[in-house]
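Participant: Attaching a single structure in structure tokens format; questions to follow.
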Amino acid sequence: MSGDKAITQRSDYRKFGVSLGCVLSALAALLAWRAHPGAAWVAGITGGFLLLAGLALPPALALPYRAWMAFARGLAWFNTRLLLVLVFYLVLTPLGLIMRLIGKRPLNLEWEPEAETYWITRKQAPFDPKSLEKHF
């Protein structure tokens, strides 16, 4: 690898062609079953081409592979930020506000200068193998 760019190998093109070809072929079957023949033909022909090219001539998929990976990187960049913002503002912020309103503190963060340690001692129970069977 040089810098951030990974060296693309023949096996990467093959995996790309076979996997996307199978997905598009399955999509074509679903579209045909749902009575969308035009879209089924397009997906089926594209999937068949990718599948055959992936098996027979993987380097022919270099350009579609690069385009697909560029699209995937852009989509990943956008989705990561979108999902993080949504989780933070729609889940964590309201949860934090509700916990503050009801006075719930999940962590004991109070400073105790006279404490020797902040470890919480737990009672020692004899080992029971049954306790390992159902964790939740």
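Chain identifiers are assigned as A, B, and so on, following the order in which chains appear in the structure tokens; residues are numbered from 1 within each chain, and ligands are numbered from 1 in order of appearance.
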Among chain A, which ones does DSSP place in alpha helix (DSSP H), written as a short mmCIF file (atom, residue, chain, number, x, y, z; two decimals) with N, CA and C atoms, in the first residue's frame?
Facilitator:
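states-v4.cif, written as the output of this step:
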```
data_model
loop_
_atom_site.label_atom_id
_atom_site.label_comp_id
_atom_site.auth_asym_id
_atom_site.auth_seq_id
_atom_site.Cartn_x
_atom_site.Cartn_y
_atom_site.Cartn_z
N ARG A 10 -6.57 -8.38 -8.89
CA ARG A 10 -7.51 -9.09 -9.75
C ARG A 10 -8.63 -9.73 -8.93
N SER A 11 -8.30 -10.23 -7.75
CA SER A 11 -9.31 -10.88 -6.90
C SER A 11 -10.36 -9.86 -6.43
N ASP A 12 -9.96 -8.59 -6.24
CA ASP A 12 -10.93 -7.56 -5.86
C ASP A 12 -11.94 -7.35 -6.97
N TYR A 13 -11.47 -7.30 -8.21
CA TYR A 13 -12.38 -7.14 -9.35
C TYR A 13 -13.31 -8.34 -9.47
N ARG A 14 -12.75 -9.54 -9.24
CA ARG A 14 -13.55 -10.75 -9.33
C ARG A 14 -14.64 -10.74 -8.25
N LYS A 15 -14.26 -10.42 -7.01
CA LYS A 15 -15.25 -10.38 -5.93
C LYS A 15 -16.33 -9.34 -6.22
N PHE A 16 -15.91 -8.19 -6.73
CA PHE A 16 -16.86 -7.13 -7.07
C PHE A 16 -17.85 -7.62 -8.13
N GLY A 17 -17.34 -8.19 -9.22
CA GLY A 17 -18.19 -8.64 -10.30
C GLY A 17 -19.14 -9.74 -9.88
N VAL A 18 -18.62 -10.72 -9.16
CA VAL A 18 -19.46 -11.85 -8.75
C VAL A 18 -20.50 -11.41 -7.72
N SER A 19 -20.09 -10.65 -6.71
CA SER A 19 -21.05 -10.27 -5.67
C SER A 19 -22.12 -9.33 -6.22
N LEU A 20 -21.73 -8.29 -6.93
CA LEU A 20 -22.73 -7.36 -7.47
C LEU A 20 -23.56 -8.03 -8.56
N GLY A 21 -22.95 -8.92 -9.34
CA GLY A 21 -23.69 -9.66 -10.35
C GLY A 21 -24.76 -10.54 -9.72
N CYS A 22 -24.44 -11.21 -8.62
CA CYS A 22 -25.42 -12.05 -7.93
C CYS A 22 -26.54 -11.21 -7.33
N VAL A 23 -26.18 -10.08 -6.73
CA VAL A 23 -27.20 -9.21 -6.14
C VAL A 23 -28.14 -8.67 -7.22
N LEU A 24 -27.58 -8.22 -8.34
CA LEU A 24 -28.43 -7.70 -9.41
C LEU A 24 -29.27 -8.80 -10.04
N SER A 25 -28.75 -10.00 -10.14
CA SER A 25 -29.54 -11.12 -10.67
C SER A 25 -30.69 -11.46 -9.74
N ALA A 26 -30.43 -11.44 -8.44
CA ALA A 26 -31.50 -11.67 -7.47
C ALA A 26 -32.54 -10.55 -7.53
N LEU A 27 -32.06 -9.32 -7.71
CA LEU A 27 -32.97 -8.20 -7.86
C LEU A 27 -33.82 -8.36 -9.12
N ALA A 28 -33.21 -8.84 -10.19
CA ALA A 28 -33.95 -9.07 -11.43
C ALA A 28 -35.04 -10.11 -11.23
N ALA A 29 -34.73 -11.16 -10.50
CA ALA A 29 -35.74 -12.18 -10.22
C ALA A 29 -36.88 -11.60 -9.39
N LEU A 30 -36.55 -10.78 -8.41
CA LEU A 30 -37.58 -10.14 -7.59
C LEU A 30 -38.43 -9.19 -8.42
N LEU A 31 -37.79 -8.42 -9.29
CA LEU A 31 -38.54 -7.50 -10.14
C LEU A 31 -39.45 -8.24 -11.12
N ALA A 32 -38.97 -9.35 -11.65
CA ALA A 32 -39.80 -10.15 -12.55
C ALA A 32 -40.99 -10.73 -11.80
N TRP A 33 -40.76 -11.19 -10.59
CA TRP A 33 -41.82 -11.74 -9.77
C TRP A 33 -42.86 -10.67 -9.41
N PRO A 37 -41.21 -6.12 -15.75
CA PRO A 37 -40.34 -6.81 -16.71
C PRO A 37 -39.22 -5.94 -17.27
N GLY A 38 -39.46 -4.68 -17.53
CA GLY A 38 -38.41 -3.82 -18.09
C GLY A 38 -37.24 -3.67 -17.14
N ALA A 39 -37.54 -3.35 -15.89
CA ALA A 39 -36.49 -3.20 -14.89
C ALA A 39 -35.81 -4.54 -14.62
N ALA A 40 -36.57 -5.62 -14.68
CA ALA A 40 -35.99 -6.95 -14.46
C ALA A 40 -34.97 -7.28 -15.56
N TRP A 41 -35.29 -6.94 -16.82
CA TRP A 41 -34.34 -7.18 -17.91
C TRP A 41 -33.06 -6.38 -17.71
N VAL A 42 -33.19 -5.10 -17.36
CA VAL A 42 -32.00 -4.25 -17.17
C VAL A 42 -31.14 -4.80 -16.03
N ALA A 43 -31.76 -5.11 -14.91
CA ALA A 43 -30.99 -5.64 -13.77
C ALA A 43 -30.40 -7.00 -14.10
N GLY A 44 -31.15 -7.83 -14.80
CA GLY A 44 -30.65 -9.17 -15.16
C GLY A 44 -29.49 -9.12 -16.12
N ILE A 45 -29.59 -8.28 -17.15
CA ILE A 45 -28.49 -8.18 -18.12
C ILE A 45 -27.24 -7.59 -17.46
N THR A 46 -27.43 -6.54 -16.66
CA THR A 46 -26.30 -5.93 -15.97
C THR A 46 -25.67 -6.92 -14.99
N GLY A 47 -26.51 -7.61 -14.23
CA GLY A 47 -26.00 -8.61 -13.29
C GLY A 47 -25.29 -9.75 -13.99
N GLY A 48 -25.85 -10.22 -15.10
CA GLY A 48 -25.19 -11.29 -15.86
C GLY A 48 -23.86 -10.86 -16.43
N PHE A 49 -23.81 -9.63 -16.95
CA PHE A 49 -22.54 -9.12 -17.48
C PHE A 49 -21.49 -9.04 -16.38
N LEU A 50 -21.86 -8.49 -15.21
CA LEU A 50 -20.90 -8.37 -14.11
C LEU A 50 -20.46 -9.74 -13.62
N LEU A 51 -21.37 -10.65 -13.54
CA LEU A 51 -21.04 -12.00 -13.09
C LEU A 51 -20.09 -12.69 -14.06
N LEU A 52 -20.40 -12.64 -15.35
CA LEU A 52 -19.53 -13.27 -16.34
C LEU A 52 -18.17 -12.58 -16.43
N ALA A 53 -18.17 -11.25 -16.41
CA ALA A 53 -16.90 -10.52 -16.45
C ALA A 53 -16.07 -10.80 -15.21
N GLY A 54 -16.72 -10.90 -14.06
CA GLY A 54 -15.99 -11.20 -12.83
C GLY A 54 -15.35 -12.57 -12.87
N LEU A 55 -16.02 -13.52 -13.50
CA LEU A 55 -15.48 -14.88 -13.57
C LEU A 55 -14.47 -15.04 -14.70
N ALA A 56 -14.75 -14.44 -15.85
CA ALA A 56 -13.91 -14.68 -17.03
C ALA A 56 -12.80 -13.64 -17.21
N ALA A 62 -12.23 -2.92 -13.95
CA ALA A 62 -11.45 -1.92 -13.22
C ALA A 62 -12.18 -0.59 -13.14
N LEU A 63 -12.69 -0.09 -14.24
CA LEU A 63 -13.36 1.21 -14.24
C LEU A 63 -14.68 1.17 -13.45
N PRO A 64 -15.57 0.18 -13.66
CA PRO A 64 -16.77 0.13 -12.82
C PRO A 64 -16.44 -0.05 -11.34
N TYR A 65 -15.40 -0.81 -11.04
CA TYR A 65 -15.00 -1.02 -9.65
C TYR A 65 -14.58 0.30 -9.01
N ARG A 66 -13.74 1.07 -9.71
CA ARG A 66 -13.31 2.37 -9.16
C ARG A 66 -14.47 3.32 -8.97
N ALA A 67 -15.40 3.35 -9.92
CA ALA A 67 -16.57 4.21 -9.80
C ALA A 67 -17.43 3.78 -8.61
N TRP A 68 -17.63 2.48 -8.46
CA TRP A 68 -18.44 1.97 -7.37
C TRP A 68 -17.79 2.28 -6.02
N MET A 69 -16.48 2.14 -5.91
CA MET A 69 -15.77 2.41 -4.66
C MET A 69 -15.81 3.91 -4.33
N ALA A 70 -15.73 4.77 -5.34
CA ALA A 70 -15.84 6.21 -5.10
C ALA A 70 -17.23 6.54 -4.58
N PHE A 71 -18.25 5.95 -5.18
CA PHE A 71 -19.61 6.15 -4.70
C PHE A 71 -19.76 5.64 -3.28
N ALA A 72 -19.19 4.47 -2.99
CA ALA A 72 -19.30 3.88 -1.66
C ALA A 72 -18.61 4.74 -0.61
N ARG A 73 -17.43 5.30 -0.94
CA ARG A 73 -16.74 6.18 0.01
C ARG A 73 -17.55 7.43 0.30
N GLY A 74 -18.13 8.02 -0.74
CA GLY A 74 -18.97 9.21 -0.54
C GLY A 74 -20.20 8.90 0.29
N LEU A 75 -20.84 7.79 0.00
CA LEU A 75 -22.02 7.38 0.75
C LEU A 75 -21.67 7.08 2.21
N ALA A 76 -20.54 6.43 2.44
CA ALA A 76 -20.11 6.12 3.80
C ALA A 76 -19.82 7.40 4.58
N TRP A 77 -19.16 8.36 3.94
CA TRP A 77 -18.85 9.64 4.59
C TRP A 77 -20.15 10.33 5.02
N PHE A 78 -21.11 10.39 4.10
CA PHE A 78 -22.38 11.06 4.39
C PHE A 78 -23.16 10.32 5.47
N ASN A 79 -23.30 8.99 5.33
CA ASN A 79 -24.08 8.21 6.27
C ASN A 79 -23.50 8.24 7.68
N THR A 80 -22.19 8.21 7.78
CA THR A 80 -21.56 8.25 9.09
C THR A 80 -21.94 9.52 9.81
N ARG A 81 -21.80 10.64 9.13
CA ARG A 81 -22.14 11.91 9.77
C ARG A 81 -23.63 12.02 10.04
N LEU A 82 -24.45 11.59 9.12
CA LEU A 82 -25.89 11.66 9.31
C LEU A 82 -26.32 10.79 10.49
N LEU A 83 -25.84 9.56 10.53
CA LEU A 83 -26.24 8.67 11.62
C LEU A 83 -25.73 9.15 12.97
N LEU A 84 -24.51 9.66 13.01
CA LEU A 84 -23.99 10.17 14.28
C LEU A 84 -24.81 11.36 14.77
N VAL A 85 -25.16 12.27 13.87
CA VAL A 85 -25.96 13.43 14.26
C VAL A 85 -27.34 12.97 14.73
N LEU A 86 -27.98 12.07 14.00
CA LEU A 86 -29.30 11.60 14.39
C LEU A 86 -29.29 10.89 15.74
N VAL A 87 -28.33 10.02 15.95
CA VAL A 87 -28.25 9.30 17.22
C VAL A 87 -27.99 10.28 18.36
N THR A 93 -29.28 13.08 23.44
CA THR A 93 -29.64 14.36 24.04
C THR A 93 -30.95 14.26 24.83
N PRO A 94 -32.05 13.73 24.24
CA PRO A 94 -33.27 13.61 25.05
C PRO A 94 -33.08 12.69 26.27
N LEU A 95 -32.32 11.61 26.10
CA LEU A 95 -32.07 10.70 27.21
C LEU A 95 -31.34 11.41 28.34
N GLY A 96 -30.32 12.19 27.99
CA GLY A 96 -29.58 12.95 28.99
C GLY A 96 -30.45 13.99 29.69
N LEU A 97 -31.31 14.67 28.92
CA LEU A 97 -32.20 15.66 29.52
C LEU A 97 -33.21 15.01 30.47
N ILE A 98 -33.77 13.89 30.07
CA ILE A 98 -34.72 13.17 30.92
C ILE A 98 -34.03 12.71 32.20
N MET A 99 -32.83 12.18 32.08
CA MET A 99 -32.11 11.71 33.27
C MET A 99 -31.79 12.87 34.20
N ARG A 100 -31.45 14.03 33.67
CA ARG A 100 -31.20 15.19 34.52
C ARG A 100 -32.48 15.64 35.22
N LEU A 101 -33.61 15.62 34.50
CA LEU A 101 -34.87 16.05 35.09
C LEU A 101 -35.30 15.15 36.24
N ILE A 102 -35.08 13.84 36.12
CA ILE A 102 -35.50 12.93 37.19
C ILE A 102 -34.39 12.70 38.22
#
```
Participant: Which residues come within 12 Å of Asn108 (chain A), counting only C-alpha atoms, excluding same-chain residues fewer than 5 positions away, as a PyMOL selection string?
Facilitator: chain A and resi 118-120
Participant: Can I get the selected residues back with N, CA and C atoms, as an mmCIF file, in the first residue's frame?
Facilitator:
```cif
data_model
loop_
_atom_site.group_PDB
_atom_site.id
_atom_site.type_symbol
_atom_site.label_atom_id
_atom_site.label_comp_id
_atom_site.auth_asym_id
_atom_site.auth_seq_id
_atom_site.Cartn_x
_atom_site.Cartn_y
_atom_site.Cartn_z
ATOM 1 N N TYR A 118 -11.601 4.312 44.890
ATOM 2 C CA TYR A 118 -12.942 4.456 44.341
ATOM 3 C C TYR A 118 -13.489 3.122 43.828
ATOM 4 N N TRP A 119 -12.770 2.049 44.075
ATOM 5 C CA TRP A 119 -13.261 0.734 43.702
ATOM 6 C C TRP A 119 -14.501 0.414 44.504
ATOM 7 N N ILE A 120 -15.490 -0.168 43.848
ATOM 8 C CA ILE A 120 -16.713 -0.580 44.525
ATOM 9 C C ILE A 120 -16.563 -2.048 44.883
#
```
Participant: Quick one, how far is CA of Pro129 (chain A) from CA of Pro106 (chain A)?
Facilitator: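 Interatomic distance, CA of Pro129 (chain A) to CA of Pro106 (chain A): 29.3 Å.
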